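Down below is the structure, laid out as structure tokens.
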Amino acid sequence: MNTFLKRLLARPEAILFFVLVAEIVFFSVAGRNFNTSDNVANIVRHSAEIGMLALVMMPIILTGGIDLSVGSLLGLCAVIFGVFTHEWKMAMPLAAALTLGVGAMAGGVNAALITVLRLPPLIVTLGTFSLFRGLAEAITKGTMTYRDFSPEFIALGRERWMGLPLQGWLFILIAIGIAVLVHRTTFGRAFRAIGFSPEGSRYAGLPVQRRIAFTYVLAGIVAALAAIVFTARLRQARADAGTGYELQAITAVVLGGTSIFGGVGTVGGTLLGIASVAVLTTGLKLIPAIALAGIGSELGSLLTGALLILALAGGTLAKSLAVRRSRRQSHAAPKPTITT
Amino acid sequence: MNPVLQLTSVTKSFGAVRALKGVSFDLRAGEVHALLGENGAGKSTLIKVITGAHQPDGGSIDINGERVGHLTPASAHKLGIACIYQQPALFPDLTVAENIGLRLEKTRSFARVDWPARRTRAAELLQRIGAEISPEAEVCSLSMPEQQLVEIACALGAGARIVIMDEPTASLTQKEQQLLFAVVRELSASGVGVIYISHRLEEIFALADRVTVLRDGESVGTNAAGELNETQLIQLMVGREVSHIYPPAEGAPGEVVLSLKNLGCTAGGVRSVTLDVRAGEVVGLAGLVGAGRTELARVLFGITPADSGEILLGGKRVSISSPREAIAHGIAYVPEDRRRHGVILEMPVAHNITMAVHHALFPGGWLRFGAETELAQKFIRDLGIKTYGPDAPGSSLSGGNQQKVSVARWLATKPKLLILDEPTQGVDVGAKSEIHRIIRALAKDGLAVLMISSDLPEILGMSDRIAVMRSGTLTAMLPGKSDAHEVMAAALGKEAA
Amino acid sequence: DKKSDSSSAGNSSDGKKLTIALLPKSKGNQYFATVEKGARAAAAELGVELIYDGPTNTDPAKQNEIVEGWVNYGVNVIAAACENREGISGALKAAQEKGIKIVTYDSDTTPDARSFFVNQATAQGIGETLMDTAAKLCGEEGEFAIITATLTAANMTEWRKNIEARLAAKYPKMKLVTTKPCDDQKDKAQAEATNILNAYPNLKCIMAICSPAVPGAAEAVKQAGKAGVVKVLGLGLPSENRQYVKDGVTQAVILWKVEDLGYLTIQAAVAAAKGTLKTGDKTFTSGKLGAMEIQDTDIILGKPFVFTKENIDQFQF
Amino acid sequence: MKRYFRELSVAAALALLLLVLALVAPSFFSPQPLLSRLTAQTPSLVVAVGMALVIICRQIDISVGSQFGVCAVVAGLLAAAGLPLPVVLFTSIGSGMVMGALNGWLVAGLGLPSIVVTLATMVTWQEALRLFQQGKFVNLPPGTQWFGLRQLGGQTALICAALVLLALAAWAMKNLAAGRFIYAVGTDAEAARLAGINPRRTTLGAFTLLGALTGLAAVMNVVQSPQVQPTCGAGLELKVIAACVVGGVAVNGGRGNLWGVFAGLLLLAMINPALTSLHVEAHWEKAIQGLVILLAVVADGLRTRRSRR
Ligand SMILES: Nc1ncnc2c1ncn2[C@@H]1O[C@H](COP(=O)(O)OP(=O)(O)OP(=O)(O)O)[C@@H](O)[C@H]1O
Ligand SMILES: Nc1ncnc2c1ncn2[C@@H]1O[C@H](COP(=O)(O)OP(=O)(O)OP(=O)(O)O)[C@@H](O)[C@H]1O
Ligand SMILES: [Mg+2]
Ligand SMILES: [Mg+2]
């Protein structure tokens, strides 16, 4: 039991978990109406899209890559969805399905440039970051906004089922899917191996380029899904949808303990990363003193930054403490088993 | 005579692993002091303490009779310690000249770099050890043994009073080995103390003045080399008798498994190789550094696919353009560069072992942790991998044990053709004979084995037939019990005397 | 389609302080900082609590999130400058359903999502004033270019539409050659203006419709040595443009009294919450500003003001 | 030739762009706008030089935009308070150094990943500045612009200063031990440690130098106009990082050349002016910019694909 607890505490996610609990307790006491189902629904609705992007960013970072284009792709898919429904007068489900297809193709562009031409993901997605947003602007000439979506569609952005907003359920589904993929299948194993050593993975016969390509295509599909959810929530599609979301998604992922160099990370950690940022930024605005001082948004960003450093430095510090302690104990510890 | 280096009761732990449990050791000027021990005995750890790469937990270090407190790589360098690490510590993106320069120059941060001097010096050092490497080449384009030669050049040029060599010959062949020996003798003649680590006992007897044996992080004594014979030495290292006899071939070879017809690959420098390997047969592949043996293996494994000639597997013509295809055809390849290709150091031993058998072990892509641990444990037991468990990261294993993990991964695939590239590099005598026994047992069960090795006794002892390569082509096919001179002559391109 | 205006009056009668939430399009921007100043003055005068928060960059989704957060927090009135007309209306309507009064200022949402709009100038008014001023400066003929914040910014899109409509209707000899975004960056506006001056040598006038773009365009014209030859006008703050106006680089800066906009917004918000301001009223008496005209549901702050060399020193914001 | 293929292909793309302009819109090369355009890029170039060092050192700094804003406002306020220009300059450089050193300490001292550290410091400086200045422009006294020189003199001085700095830095990276240390640490920090190089000090140095250069660049920006916009650094990090990676600096460290960065920056900076000169509508700009980035590196990708072993 004791060792179990110790092992739990040694995990980088543990610190984040305690931060999250502390946030919830603190805001329940100090915030106004924090513990209401409306507030929970707000938090879920507001972080669903970024959360989805973070979830699919995680496997990419696990392979040692990065995708800066997801926010732009969200914008492009929102616009394309609008074109499908408004200009081509498609039925909603068909338009949605085709939009997912466009997302997959856009992800495929990233994947092809990265795996076929072996260009660094940072450069490729920096290029498509501009390209996708640029296409969205070109399609709408920057000014066109698609609005007046059908009420059934908008319900996706507003309604709740069993108390939880619909996009919350969608998010949970994706989270389970990614968690299974990363932690329970050979895909996840391959992502990690590639993140640690692409060369070594190739020598082990892993389909390195296919697995890498998969992560980017998956990110494209989920970005398209997030675009649809975003459109339903804001009831309109415009070329600026999702601006800056890539950075927020990356923040949540690295906060959740995923190593930016690849190989290390858990979906649980990512979820904690998403939740602790969402709760923090929402909770701060419910504290009357902060609201009245008019510094809610700035403070939210500032504390997110502080949290980033704290979570990481805390993890490093805890590890070095643990090493020191175990070193002290090791003189009494039994010899490691040696098999001959 | 005062020792130039004196260690007293040095201890060092990694987490719960006590790598050094109070080792005392001394080195005299002008001597070659061999450090021996099984894999994981603590040899590399000891020398990393000496070079300041690791901080000891306890004990003391005296250099030239003076107690040194906090030793860092930089201060060790200043005190005249130079080291060839077991894992080459070179900068892959930089040129050879610069690598040597960075290691040897003791400049202030804002001093100017003298490029021509760097190049001249590098060229001169490389020439002294007989390496044909351009100072302008980037290190990442060098093969493993070539990198080792660069390391040796660094150690030679340092002008150090203490030179440490951690398995410098692990992937070197006879020719380079002789050059290295000359260097070592030259150094010791000029009063330099040399610490020499190797698992090749014949080298110890050829070079060493004194021998210290480590076992499980403890020193079991220092002796003059002349006082010991091979059996006694092994007895000291392992704590029991190990018969270092190559297992004999049993039964006649079966059908031809692999047949190469004029195989070539311009990018890899392989030119027109024709070769047959039969089931149940071990074919040794000998040659000098750069002869193209590793390249041939890489071609067969689909890493640099062939561009001319044919590969026939079980009589059928196949084309292999990726490791996956090779695996699907029943080919396994234990690579030469263990750190980059053989094991993924950050991943647990179990994951490393099962990496090439995902399809068979995890049907449908679902991980089965129970089955995985079981398989890993089987190999840990069978190969005697020294680790605290299947969950231990690869980086926590000693070099030799990492090599065993790398071999285990490919044995798990139950291949038809096993290609081994330096399978016992850095492996201690006990494990070496274990690996040899396993290779033999596998061959007996009908596996075809192609074994690349720079360890000539190993080639001679293990092979049913010996193929010799020189500049990308097969120059000779010799019977198993050939004479070492014949093999060397073929490798050097001379007619057998 | 609006609810009874007295629904939230109880809040003030039971002695609790009213809480007014003021939403800017973005924070850390001098325009809205000035609005906040006026708003705080009104709030202090009226004894209400003022919450001021908004996105740190112009992000329509963030605005919705902040509004929804306020609904949950339990504010009495939300006064919003809408980045995105339709985008925010859903969130505002949901707030109305919870009994929260909605007032908009600066830029409006759809009329059914708010009670009143504090109108400093309609999109049409701004567009026409800009176009007319530009035409006057150019002598009603020649090429001109627009520098905007981003191509997607909703209110600027509206203004551009109105500018183009006015152009088509009244000034056939004038030609809009290009519209460039500057991301609310003075330096980028300067770069774009430099490019435009270079690419269109016959240009007569640059119209900058976001505030950092006005000094940016002016600096470019100055550096190109075309001060007075190529006219500069735009929507901006006097303090940022004073020197250029005085030097004759910038001919006209158009704006309203920003501090008064904040002041009036809070006055109207409080009155709407207390029920003293009702739909159908024709005037609204607001503290130090006196009586304001109401057209339909728009409270009119006054016409946009054109700052020129002559009058710019009278304004300090 | 083979080693510098990327740099050369970027330079070729730039040359192609300029050639098209020379044919279609020759007025692009008239001296005044060209000078103004180049002057406007000098701060970015100075920051890009520092960023290249940090990336070669296998780190990244995405807080430079925020640092730039802080330094510019500091410089602006001091200048507005009437302090002499050298004081303004050194205070700005000093502030940059402090912020850079903080990043460096968190990265090298505590061993935290640089992207996370600088993500955190980016929002910290940005929000702190927003709270402090509320977006208010700083108006400068008349003598500040162009260091009190004439416009032509000021512009020439800035361009020369930036180019001299670039040349010096490029020379130092090749010929000073410290420059080689940066390459060595970026290639393999552990090997560097074993070779007696102090990777922590090297990393700290690179970050501090980037901070100092950012401070310098902020002043170079401030003197170009009579007022300072507090958000003047927004997006700078993306611009200079793009210039570095397009210009051939390897994101995983150890490789890169400052002249390549120069070419990358010019290429990226010339796209927008070129499109305006070619009368391309603004809503195509971002898409074309993305395409150019991709095309500039695809050539390199195709080459390595062919020569891959
Ligand atoms: N960085 C590390 N972390 C944890 N354990 C380590 C580390 N380095 C070495 N060890 C452990 O310390 C012990 C001694 O290792 P060392 O590398 O010194 O062995 P060695 O004698 O050099 O063996 P070999 O002959 O295989 O190279 C081994 O049990 C090894 O697992
Ligand atoms: N990774 C590499 N990149 C570029 N060139 C290489 C690489 N590895 C080997 N070479 C070159 O290919 C040639 C053949 O080397 P190879 O490693 O196949 O030799 P080998 O016969 O296997 O000898 P050994 O196994 O002793 O190294 C050499 O000239 C070497 O320089
Ligand atoms: Mg060792
Ligand atoms: Mg080899």
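Residue names in the structure tokens use chain letters A, B, ... in the order shown, residue numbers from 1 in each chain, and ligand numbers from 1 in the order shown.
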Which neighbours of Ile66 in chain A fall inside 10 Å, counting only C-alpha atoms, when residues of the same chain fewer than 3 positions from it are skipped, and could you give them as a VMD selection string? chain A and resid 57 to 63 69 to 70 120 to 126 216 246 250 260 to 262
Check which residues of chain B sit at most 7 Å from chain A using only C-alpha atoms, and return one row each with the closest pair of atoms and their distance in Å to one decimal, ordered by chain and rising number, as CSV.
```
residue,atom,partner,partner_atom,distance
B:Ser13,CA,A:Arg327,CA,6.9
B:Gly15,CA,A:Arg327,CA,5.9
B:Ala16,CA,A:Ser330,CA,5.4
B:Val17,CA,A:Pro336,CA,6.6
B:Pro323,CA,A:Gly205,CA,4.9
B:Arg324,CA,A:Gly205,CA,4.7
B:Ile327,CA,A:Gly205,CA,6.9
B:Arg340,CA,A:Gly200,CA,5.8
B:His341,CA,A:Gly200,CA,4.1
B:Gly342,CA,A:Gly200,CA,6.4
B:Val343,CA,A:Gly200,CA,6.7
B:Ile344,CA,A:Gly200,CA,6.3
B:Glu346,CA,A:Phe196,CA,6.8
B:Met355,CA,A:Ala204,CA,6.3
B:Ala356,CA,A:Ala204,CA,5.4
B:His358,CA,A:Thr186,CA,6.8
B:Gly365,CA,A:Thr186,CA,5.1
B:Trp366,CA,A:Thr185,CA,4.5
B:Leu367,CA,A:Thr185,CA,5.1
B:Arg381,CA,A:Thr339,CA,6.8
B:Gly384,CA,A:Thr340,CA,4.9
B:Ile385,CA,A:Thr339,CA,6.9
B:Lys386,CA,A:Ile338,CA,5.8
B:Thr387,CA,A:Ile338,CA,6.9
B:Tyr388,CA,A:Pro336,CA,5.8
```
Within 9 Å of ligand 2 (only C-alpha atoms and all ligand atoms), residues as a VMD selection string: (chain B and resid 133 139 to 146 171 to 173 267 to 270 285 to 298 336 421 to 422 452 to 454 469 to 472) or (chain D and resid 309)
Take the residues just selected and output them with C-alpha atoms as a short mmCIF file (atom, residue, chain, number, x, y, z; two decimals), in the first residue's frame.
```cif
data_model
loop_
_atom_site.label_atom_id
_atom_site.label_comp_id
_atom_site.auth_asym_id
_atom_site.auth_seq_id
_atom_site.Cartn_x
_atom_site.Cartn_y
_atom_site.Cartn_z
CA ILE B 133 39.00 8.67 -42.33
CA VAL B 139 30.75 11.77 -37.76
CA CYS B 140 27.14 10.71 -38.42
CA SER B 141 28.28 9.33 -41.77
CA LEU B 142 30.87 7.07 -40.15
CA SER B 143 30.28 3.46 -39.30
CA MET B 144 30.42 2.29 -35.72
CA PRO B 145 34.04 1.06 -35.87
CA GLU B 146 35.15 4.19 -37.61
CA SER B 171 33.86 -3.75 -33.05
CA LEU B 172 37.37 -3.52 -34.40
CA THR B 173 39.02 -6.18 -36.49
CA ALA B 267 24.26 3.46 -52.05
CA GLY B 268 25.56 0.97 -49.49
CA GLY B 269 28.75 0.10 -51.32
CA VAL B 270 27.86 -3.58 -51.78
CA LEU B 285 31.20 -13.29 -42.44
CA ALA B 286 34.67 -11.89 -41.92
CA GLY B 287 36.37 -8.80 -43.21
CA LEU B 288 38.04 -5.58 -42.19
CA VAL B 289 36.30 -2.45 -41.01
CA GLY B 290 34.51 -0.93 -43.97
CA ALA B 291 34.51 -4.15 -45.97
CA GLY B 292 30.77 -3.81 -46.40
CA ARG B 293 29.55 -6.63 -44.18
CA THR B 294 27.19 -4.45 -42.20
CA GLU B 295 26.01 -2.95 -45.44
CA LEU B 296 25.23 -6.38 -46.83
CA ALA B 297 23.16 -7.13 -43.75
CA ARG B 298 21.34 -3.84 -44.11
CA GLU B 336 25.77 -3.61 -34.97
CA ASP B 421 26.12 -8.30 -36.63
CA GLU B 422 28.79 -8.46 -33.96
CA ILE B 452 29.15 -11.04 -38.96
CA SER B 453 31.95 -10.70 -36.49
CA SER B 454 35.19 -8.88 -36.12
CA MET B 469 34.40 -9.76 -47.72
CA ARG B 470 36.59 -7.04 -49.07
CA SER B 471 35.47 -3.69 -50.50
CA GLY B 472 31.89 -4.74 -50.99
CA ARG D 309 20.38 5.54 -47.79
#
```
Which residues form the shell of 10 Å around ligand 1 when you count only C-alpha atoms and all ligand atoms, given as a PyMOL selection string? (chain A and resi 336+338) or (chain B and resi 12-20+35-49+54+85-87+166-167+197-199+214-217+386-388+392-404+425-429)
Which residues of chain A are close to chain D, meaning at most 7 Å apart when you count only C-alpha atoms, and how do they look as a PDB file with N, CA and C atoms, in the first residue's frame?
```pdb
ATOM      1  N   LEU A 117       8.372  13.128 -47.618  1.00  0.00           N
ATOM      2  CA  LEU A 117       9.536  13.973 -47.885  1.00  0.00           C
ATOM      3  C   LEU A 117      10.451  14.101 -46.670  1.00  0.00           C
ATOM      4  N   ARG A 118      10.011  13.553 -45.551  1.00  0.00           N
ATOM      5  CA  ARG A 118      10.811  13.600 -44.318  1.00  0.00           C
ATOM      6  C   ARG A 118      11.192  15.022 -43.923  1.00  0.00           C
ATOM      7  N   LEU A 119      10.236  15.923 -44.018  1.00  0.00           N
ATOM      8  CA  LEU A 119      10.502  17.270 -43.547  1.00  0.00           C
ATOM      9  C   LEU A 119      10.151  17.348 -42.076  1.00  0.00           C
ATOM     10  N   ILE A 123       8.307  22.623 -39.316  1.00  0.00           N
ATOM     11  CA  ILE A 123       8.274  23.471 -40.515  1.00  0.00           C
ATOM     12  C   ILE A 123       7.019  23.197 -41.327  1.00  0.00           C
ATOM     13  N   VAL A 124       6.731  21.912 -41.498  1.00  0.00           N
ATOM     14  CA  VAL A 124       5.577  21.551 -42.324  1.00  0.00           C
ATOM     15  C   VAL A 124       4.311  22.170 -41.755  1.00  0.00           C
ATOM     16  N   GLY A 127       4.011  25.812 -42.104  1.00  0.00           N
ATOM     17  CA  GLY A 127       3.536  26.155 -43.440  1.00  0.00           C
ATOM     18  C   GLY A 127       2.041  25.949 -43.577  1.00  0.00           C
ATOM     19  N   THR A 128       1.551  24.804 -43.134  1.00  0.00           N
ATOM     20  CA  THR A 128       0.112  24.555 -43.288  1.00  0.00           C
ATOM     21  C   THR A 128      -0.701  25.392 -42.298  1.00  0.00           C
ATOM     22  N   SER A 130      -0.248  28.526 -41.892  1.00  0.00           N
ATOM     23  CA  SER A 130      -0.604  29.661 -42.745  1.00  0.00           C
ATOM     24  C   SER A 130      -1.525  29.231 -43.878  1.00  0.00           C
ATOM     25  N   LEU A 131      -1.187  28.102 -44.463  1.00  0.00           N
ATOM     26  CA  LEU A 131      -1.912  27.676 -45.669  1.00  0.00           C
ATOM     27  C   LEU A 131      -3.391  27.433 -45.372  1.00  0.00           C
ATOM     28  N   PHE A 132      -3.680  26.675 -44.319  1.00  0.00           N
ATOM     29  CA  PHE A 132      -5.078  26.345 -44.020  1.00  0.00           C
ATOM     30  C   PHE A 132      -5.874  27.598 -43.677  1.00  0.00           C
ATOM     31  N   ARG A 133      -5.288  28.424 -42.810  1.00  0.00           N
ATOM     32  CA  ARG A 133      -5.987  29.658 -42.462  1.00  0.00           C
ATOM     33  C   ARG A 133      -6.164  30.518 -43.709  1.00  0.00           C
ATOM     34  N   GLY A 134      -5.128  30.545 -44.529  1.00  0.00           N
ATOM     35  CA  GLY A 134      -5.188  31.337 -45.759  1.00  0.00           C
ATOM     36  C   GLY A 134      -6.274  30.834 -46.686  1.00  0.00           C
ATOM     37  N   LEU A 135      -6.409  29.511 -46.807  1.00  0.00           N
ATOM     38  CA  LEU A 135      -7.473  28.968 -47.663  1.00  0.00           C
ATOM     39  C   LEU A 135      -8.837  29.360 -47.113  1.00  0.00           C
ATOM     40  N   GLU A 137      -9.542  31.971 -45.469  1.00  0.00           N
ATOM     41  CA  GLU A 137      -9.768  33.385 -45.800  1.00  0.00           C
ATOM     42  C   GLU A 137     -10.049  33.558 -47.289  1.00  0.00           C
ATOM     43  N   ALA A 138      -9.344  32.780 -48.095  1.00  0.00           N
ATOM     44  CA  ALA A 138      -9.538  32.917 -49.534  1.00  0.00           C
ATOM     45  C   ALA A 138     -10.951  32.484 -49.924  1.00  0.00           C
ATOM     46  N   LYS A 141     -13.221  35.127 -48.743  1.00  0.00           N
ATOM     47  CA  LYS A 141     -12.638  36.446 -48.977  1.00  0.00           C
ATOM     48  C   LYS A 141     -12.424  37.163 -47.648  1.00  0.00           C
ATOM     49  N   GLY A 142     -12.355  36.424 -46.592  1.00  0.00           N
ATOM     50  CA  GLY A 142     -12.143  37.002 -45.278  1.00  0.00           C
ATOM     51  C   GLY A 142     -13.397  37.542 -44.637  1.00  0.00           C
ATOM     52  N   GLU A 298      -6.450  38.357 -17.684  1.00  0.00           N
ATOM     53  CA  GLU A 298      -4.996  38.457 -17.585  1.00  0.00           C
ATOM     54  C   GLU A 298      -4.475  37.504 -16.515  1.00  0.00           C
ATOM     55  N   SER A 301      -4.389  33.882 -17.618  1.00  0.00           N
ATOM     56  CA  SER A 301      -3.221  33.535 -18.433  1.00  0.00           C
ATOM     57  C   SER A 301      -1.966  33.465 -17.582  1.00  0.00           C
ATOM     58  N   LEU A 302      -1.807  34.462 -16.696  1.00  0.00           N
ATOM     59  CA  LEU A 302      -0.614  34.501 -15.851  1.00  0.00           C
ATOM     60  C   LEU A 302      -0.493  33.235 -15.018  1.00  0.00           C
ATOM     61  N   GLY A 305       0.494  30.174 -16.896  1.00  0.00           N
ATOM     62  CA  GLY A 305       1.940  30.162 -17.082  1.00  0.00           C
ATOM     63  C   GLY A 305       2.648  29.660 -15.837  1.00  0.00           C
ATOM     64  N   ALA A 306       2.218  30.196 -14.686  1.00  0.00           N
ATOM     65  CA  ALA A 306       2.838  29.783 -13.432  1.00  0.00           C
ATOM     66  C   ALA A 306       2.622  28.295 -13.197  1.00  0.00           C
ATOM     67  N   LEU A 308       2.259  25.973 -15.378  1.00  0.00           N
ATOM     68  CA  LEU A 308       3.152  25.217 -16.263  1.00  0.00           C
ATOM     69  C   LEU A 308       4.502  24.986 -15.596  1.00  0.00           C
ATOM     70  N   ILE A 309       5.074  26.078 -15.107  1.00  0.00           N
ATOM     71  CA  ILE A 309       6.393  25.986 -14.481  1.00  0.00           C
ATOM     72  C   ILE A 309       6.304  25.129 -13.227  1.00  0.00           C
ATOM     73  N   LEU A 312       5.968  21.375 -13.865  1.00  0.00           N
ATOM     74  CA  LEU A 312       7.193  20.749 -14.366  1.00  0.00           C
ATOM     75  C   LEU A 312       8.305  20.783 -13.341  1.00  0.00           C
ATOM     76  N   ALA A 313       8.504  21.977 -12.761  1.00  0.00           N
ATOM     77  CA  ALA A 313       9.579  22.099 -11.786  1.00  0.00           C
ATOM     78  C   ALA A 313       9.278  21.199 -10.596  1.00  0.00           C
TER      79      ALA A 313
END
```
